[in-house]
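Heads up, the thing below is written out as structure tokens.
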Amino acid sequence: MRIKVTHTILFIFIAFSAQSQENNVQKFELTLISQVNQGNSYITFPTDIGNIEPLWFEGNLIPNFYLRQSKNSRLMGVLTPQIIIRMYREESFPVRTPSYIPQISVYYQLNNERSAKSSNIFGRIAHHSNGQEDPFFLEDGSVNTKSGDFSTNFFEPGFIRTNFSKRLNAYQFFKTSLEIHPHIWSAKELEGIYSNVRWHNSISVFKLSDENLKQTHKPANLSVKAETTWHFGDINNWSSANLNRLDFSLTFYYHPRFFEDIGLFVQYYNGADYYNMYFSHQLSVLRFGFMTDKLRF
């Protein structure tokens with residue numbers, strides 16, 4: 001009888017512990033899902049390793065403005081005036097042709113269980129330009145990276161799946177989407193040298209500590225994000241299997257205790273340059289820097 005009672009107590013304790021952990025898991029809201037999808041602001045150190053031009057820094061500013069009825073809404077809009085800038089290690093420290101990427105996104109949560117497992121769809125319309133007005137090509141036929149007029153518009157439908165792994169004690173995000181640039185929405189000079197259809201995939205994992213589960217509004221201590229993009233279409237007469245069509249990045253993020261809203265990141269990127277007129281450059285670069293941390297689980 002004593003053994004049965006002991007087993008019963010042990011079973012109740014395990015069930016209660018599992019239920020307590022489940023209750024402590026953050027229920028996903030669209031705001032958090034959109035933050036992961038939109039990306040974090042960052043600034044790099046002047047220590048890039050690779051074939052990118054010598055920079056003092058690259059800065060990516062991604063402020064988000066939310067349009068929703070309440071925090072529990074299954075439908076939400078996001079306005080994002082994204083800007084990417086690079087300061088070059090040259091005389092007078094020039095900041096050349098910033099990338100302006102204003103965009104509006106709409107998210108819809110397919111299930112309303114308010115659990116860590118959720119399926120979501122989103123759509124985005126965006127503009128990408130550099131604010132320049134000089135000719136696209138130089139007299140020798142090369143791309144005018146310093147002052148050429150770059151402009152394109154695109155829309156992007158996609159799907160996001162979220163989950164929580166008890167074994168890893170981590171939140172998981174998977175995203176897939178298609179970025180489509182209609183020819184009539186883009187500069188005619190881009191035809192044949194710029195991909196007008198791109199397939200994006202990403203997996204993000206946010207590792208939590210025991211402190212995260214005990215307290216709310218705590219950031220993840222560690223996270224990793226892997227992203228791939230495949231470029232379709234007619235690009236420089238490349239074959240359909242040319243590996244230059246593939247972009248790949250892997251980002252590790254660490255949030256030290258002595259920082260409140262930022263952390264340290266290291267990223268490896270290999271693929272086409274995403275900085276407006278520099279799109280024809282193929283980068284392979286390892287970079288370090290600070291990244292904002294707005295996610296609170």
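We name chains A, B, ... following the order of the structure tokens; residues begin at 1 in each chain, and ligands are numbered from 1 as shown.
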
Problem set entry | Distance query Phe137 in chain A at most 9 Å, only C-alpha atoms, self and fewer than 6 positions along chain excluded, as a PyMOL selection string | chain A and resi 143-145+148+189

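Non-sequential neighbours of Ala272 in chain A (distance at most 9 Å, separation of 6 or more positions within a chain, only C-alpha atoms) are Asn244, Arg245, Leu246, Asp247, Tyr278, Phe279, Ser280, His281, Gln282, Leu283 and Ser284 of chain A.
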
Put those residues in a file: N, CA and C atoms, as a PDB file, in the first residue's frame.
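Full text of selection-v4.pdb as output:
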ATOM      1  N   ASN A 244      24.938  30.583 -57.570  1.00  0.00           N
ATOM      2  CA  ASN A 244      24.880  32.024 -57.303  1.00  0.00           C
ATOM      3  C   ASN A 244      23.458  32.486 -57.025  1.00  0.00           C
ATOM      4  N   ARG A 245      22.492  31.640 -57.342  1.00  0.00           N
ATOM      5  CA  ARG A 245      21.093  31.970 -57.068  1.00  0.00           C
ATOM      6  C   ARG A 245      20.735  31.787 -55.585  1.00  0.00           C
ATOM      7  N   LEU A 246      21.592  31.154 -54.829  1.00  0.00           N
ATOM      8  CA  LEU A 246      21.288  30.834 -53.434  1.00  0.00           C
ATOM      9  C   LEU A 246      21.943  31.828 -52.484  1.00  0.00           C
ATOM     10  N   ASP A 247      21.127  32.434 -51.612  1.00  0.00           N
ATOM     11  CA  ASP A 247      21.627  33.231 -50.491  1.00  0.00           C
ATOM     12  C   ASP A 247      21.453  32.411 -49.217  1.00  0.00           C
ATOM     13  N   TYR A 278      24.127  47.594 -55.302  1.00  0.00           N
ATOM     14  CA  TYR A 278      25.217  46.624 -55.173  1.00  0.00           C
ATOM     15  C   TYR A 278      24.728  45.190 -55.393  1.00  0.00           C
ATOM     16  N   PHE A 279      23.523  45.020 -55.917  1.00  0.00           N
ATOM     17  CA  PHE A 279      22.894  43.704 -56.033  1.00  0.00           C
ATOM     18  C   PHE A 279      23.706  42.722 -56.864  1.00  0.00           C
ATOM     19  N   SER A 280      24.553  43.207 -57.757  1.00  0.00           N
ATOM     20  CA  SER A 280      25.326  42.303 -58.614  1.00  0.00           C
ATOM     21  C   SER A 280      26.562  41.743 -57.919  1.00  0.00           C
ATOM     22  N   HIS A 281      26.884  42.248 -56.730  1.00  0.00           N
ATOM     23  CA  HIS A 281      28.032  41.748 -55.979  1.00  0.00           C
ATOM     24  C   HIS A 281      27.649  40.466 -55.245  1.00  0.00           C
ATOM     25  N   GLN A 282      28.557  39.510 -55.213  1.00  0.00           N
ATOM     26  CA  GLN A 282      28.380  38.281 -54.445  1.00  0.00           C
ATOM     27  C   GLN A 282      29.217  38.386 -53.178  1.00  0.00           C
ATOM     28  N   LEU A 283      28.554  38.353 -52.025  1.00  0.00           N
ATOM     29  CA  LEU A 283      29.227  38.529 -50.743  1.00  0.00           C
ATOM     30  C   LEU A 283      29.464  37.188 -50.058  1.00  0.00           C
ATOM     31  N   SER A 284      30.560  37.126 -49.324  1.00  0.00           N
ATOM     32  CA  SER A 284      30.835  36.048 -48.379  1.00  0.00           C
ATOM     33  C   SER A 284      31.513  36.718 -47.197  1.00  0.00           C
TER      34      SER A 284
END

For this session: Can you work out which one of A:Phe173, A:Phe232, A:Phe57, A:Phe150 has the shortest atom-to-atom distance to Phe290 in chain A, counting only C-alpha atoms?
Result: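 Distance minimum relative to Phe290 in chain A lands on A:Phe57.
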
For this session: For CA of Arg74 in chain A and CA of Ala220 in chain A, quote the distance in Å rounded to one decimal.
Result: 24.3 Å

Problem set entry | 12 Å contact set for Ile52 in chain A, only C-alpha atoms, chain neighbours under 3 positions out, as a PyMOL selection string | chain A and resi 46-49+55-58+86+88-89+269-275+278+281-287

For this session: Write out as a list in words each polymer residue whose atoms come within 12 Å of His200 in chain A, counting only C-alpha atoms; drop sequence neighbours fewer than 6 positions from it.
Result: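 The neighbour list is Asn37, Glu156, Pro157, Gly158, Phe159, Ile160, Phe174, Lys175, Thr176, Ser177, Leu178, Glu179, Ile180, Ala226, Glu227, Thr228, Thr229, Trp230, His231, Phe232, Arg245, Leu246, Asp247, Phe248 and Ser249 of chain A.
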
Put those residues in a file: N, CA and C atoms, as an mmCIF file, in the first residue's frame.
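Generated output (part.cif):
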data_model
loop_
_atom_site.group_PDB
_atom_site.id
_atom_site.type_symbol
_atom_site.label_atom_id
_atom_site.label_comp_id
_atom_site.auth_asym_id
_atom_site.auth_seq_id
_atom_site.Cartn_x
_atom_site.Cartn_y
_atom_site.Cartn_z
ATOM 1 N N ASN A 37 9.438 37.957 -37.677
ATOM 2 C CA ASN A 37 9.410 37.968 -39.128
ATOM 3 C C ASN A 37 10.000 39.250 -39.701
ATOM 4 N N GLU A 156 4.776 40.220 -51.126
ATOM 5 C CA GLU A 156 5.306 38.982 -50.554
ATOM 6 C C GLU A 156 4.249 38.283 -49.708
ATOM 7 N N PRO A 157 3.633 37.228 -50.213
ATOM 8 C CA PRO A 157 2.758 36.402 -49.378
ATOM 9 C C PRO A 157 3.581 35.318 -48.692
ATOM 10 N N GLY A 158 3.162 34.930 -47.476
ATOM 11 C CA GLY A 158 3.941 33.928 -46.771
ATOM 12 C C GLY A 158 3.161 33.231 -45.671
ATOM 13 N N PHE A 159 3.798 32.225 -45.088
ATOM 14 C CA PHE A 159 3.213 31.400 -44.028
ATOM 15 C C PHE A 159 4.222 31.263 -42.890
ATOM 16 N N ILE A 160 3.731 31.357 -41.640
ATOM 17 C CA ILE A 160 4.584 31.239 -40.457
ATOM 18 C C ILE A 160 3.985 30.209 -39.511
ATOM 19 N N PHE A 174 9.096 28.888 -38.007
ATOM 20 C CA PHE A 174 9.423 28.533 -39.387
ATOM 21 C C PHE A 174 8.633 29.437 -40.321
ATOM 22 N N LYS A 175 9.334 30.012 -41.318
ATOM 23 C CA LYS A 175 8.665 30.898 -42.269
ATOM 24 C C LYS A 175 9.038 30.505 -43.687
ATOM 25 N N THR A 176 8.072 30.564 -44.578
ATOM 26 C CA THR A 176 8.324 30.431 -46.003
ATOM 27 C C THR A 176 7.487 31.466 -46.732
ATOM 28 N N SER A 177 8.060 32.071 -47.774
ATOM 29 C CA SER A 177 7.344 33.133 -48.487
ATOM 30 C C SER A 177 7.918 33.295 -49.888
ATOM 31 N N LEU A 178 7.145 33.952 -50.753
ATOM 32 C CA LEU A 178 7.579 34.297 -52.109
ATOM 33 C C LEU A 178 7.600 35.812 -52.250
ATOM 34 N N GLU A 179 8.734 36.337 -52.675
ATOM 35 C CA GLU A 179 8.883 37.779 -52.928
ATOM 36 C C GLU A 179 8.819 37.998 -54.434
ATOM 37 N N ILE A 180 7.821 38.736 -54.891
ATOM 38 C CA ILE A 180 7.543 38.864 -56.321
ATOM 39 C C ILE A 180 7.654 40.332 -56.739
ATOM 40 N N ALA A 226 18.530 30.656 -39.137
ATOM 41 C CA ALA A 226 19.069 30.250 -40.432
ATOM 42 C C ALA A 226 18.096 30.686 -41.517
ATOM 43 N N GLU A 227 18.621 31.330 -42.577
ATOM 44 C CA GLU A 227 17.781 31.851 -43.649
ATOM 45 C C GLU A 227 18.355 31.449 -45.005
ATOM 46 N N THR A 228 17.468 31.130 -45.925
ATOM 47 C CA THR A 228 17.875 30.856 -47.306
ATOM 48 C C THR A 228 16.950 31.613 -48.259
ATOM 49 N N THR A 229 17.507 31.983 -49.401
ATOM 50 C CA THR A 229 16.725 32.601 -50.480
ATOM 51 C C THR A 229 17.197 32.022 -51.798
ATOM 52 N N TRP A 230 16.238 31.609 -52.632
ATOM 53 C CA TRP A 230 16.568 31.131 -53.968
ATOM 54 C C TRP A 230 16.024 32.125 -54.986
ATOM 55 N N HIS A 231 16.895 32.589 -55.899
ATOM 56 C CA HIS A 231 16.536 33.591 -56.899
ATOM 57 C C HIS A 231 16.118 32.905 -58.201
ATOM 58 N N PHE A 232 14.857 33.123 -58.592
ATOM 59 C CA PHE A 232 14.362 32.597 -59.859
ATOM 60 C C PHE A 232 14.475 33.671 -60.946
ATOM 61 N N ARG A 245 22.492 31.640 -57.342
ATOM 62 C CA ARG A 245 21.093 31.970 -57.068
ATOM 63 C C ARG A 245 20.735 31.787 -55.585
ATOM 64 N N LEU A 246 21.592 31.154 -54.829
ATOM 65 C CA LEU A 246 21.288 30.834 -53.434
ATOM 66 C C LEU A 246 21.943 31.828 -52.484
ATOM 67 N N ASP A 247 21.127 32.434 -51.612
ATOM 68 C CA ASP A 247 21.627 33.231 -50.491
ATOM 69 C C ASP A 247 21.453 32.411 -49.217
ATOM 70 N N PHE A 248 22.446 32.516 -48.340
ATOM 71 C CA PHE A 248 22.370 31.785 -47.076
ATOM 72 C C PHE A 248 22.947 32.639 -45.957
ATOM 73 N N SER A 249 22.267 32.661 -44.810
ATOM 74 C CA SER A 249 22.809 33.366 -43.645
ATOM 75 C C SER A 249 22.521 32.559 -42.384
#

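Distance check against Pro102 in chain A using only C-alpha atoms: of A:Pro182, A:Pro63, A:Pro256, A:Pro135, the minimum falls on A:Pro63.
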
For this session: With a distance cut-off of 10 Å and only C-alpha atoms, select the neighbouring residues of Val106 in chain A, excluding the residue or stretch itself and same-chain residues fewer than 6 positions from it, and output the selection as a ChimeraX atom specification.
Result: /A:34,66-67,75-79,121-125,157

Exercise. Near Leu264 in chain A, within 6 Å and counting only C-alpha atoms, which residues show up once chain neighbours fewer than 5 positions away are dropped, as a ChimeraX atom specification?
Worked result: /A:253-254,289-290

Atoms to include: N, CA and C atoms. Write the selected residues as a PDB file, in the first residue's frame.
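Ended up saving to out.pdb:
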ATOM      1  N   TYR A 253      22.812  34.881 -31.684  1.00  0.00           N
ATOM      2  CA  TYR A 253      22.570  36.059 -30.845  1.00  0.00           C
ATOM      3  C   TYR A 253      22.704  35.672 -29.379  1.00  0.00           C
ATOM      4  N   TYR A 254      23.351  36.542 -28.608  1.00  0.00           N
ATOM      5  CA  TYR A 254      23.515  36.304 -27.175  1.00  0.00           C
ATOM      6  C   TYR A 254      23.133  37.566 -26.415  1.00  0.00           C
ATOM      7  N   GLY A 289      28.392  42.442 -34.176  1.00  0.00           N
ATOM      8  CA  GLY A 289      27.793  43.726 -33.823  1.00  0.00           C
ATOM      9  C   GLY A 289      26.790  43.627 -32.702  1.00  0.00           C
ATOM     10  N   PHE A 290      26.054  44.750 -32.523  1.00  0.00           N
ATOM     11  CA  PHE A 290      24.964  44.839 -31.545  1.00  0.00           C
ATOM     12  C   PHE A 290      23.634  44.661 -32.263  1.00  0.00           C
TER      13      PHE A 290
END

For this session: Going by DSSP on the backbone, which bits of range 148-243 of chain A are helix (DSSP H, G or I)? Write them as JSON, numbers by chain, please.
Result: {"A": [183, 184, 185, 188, 189, 190, 210, 211, 212, 213, 214, 243]}

Exercise. Which residue gives the smallest distance to Ser165 in chain A among A:Ser239, A:Phe288, A:Lys117, A:Thr152, with only C-alpha atoms counted?
Worked result: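 Result for the nearest residue to Ser165 in chain A: A:Lys117.
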
For this session: Kindly indicate which residue among A:Trp238, A:Tyr42, A:Phe65, A:Phe155 lies nearest to Phe265 in chain A, using only C-alpha atoms for the distances.
Result: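 With only C-alpha atoms as the atom set, the closest residue is A:Tyr42.
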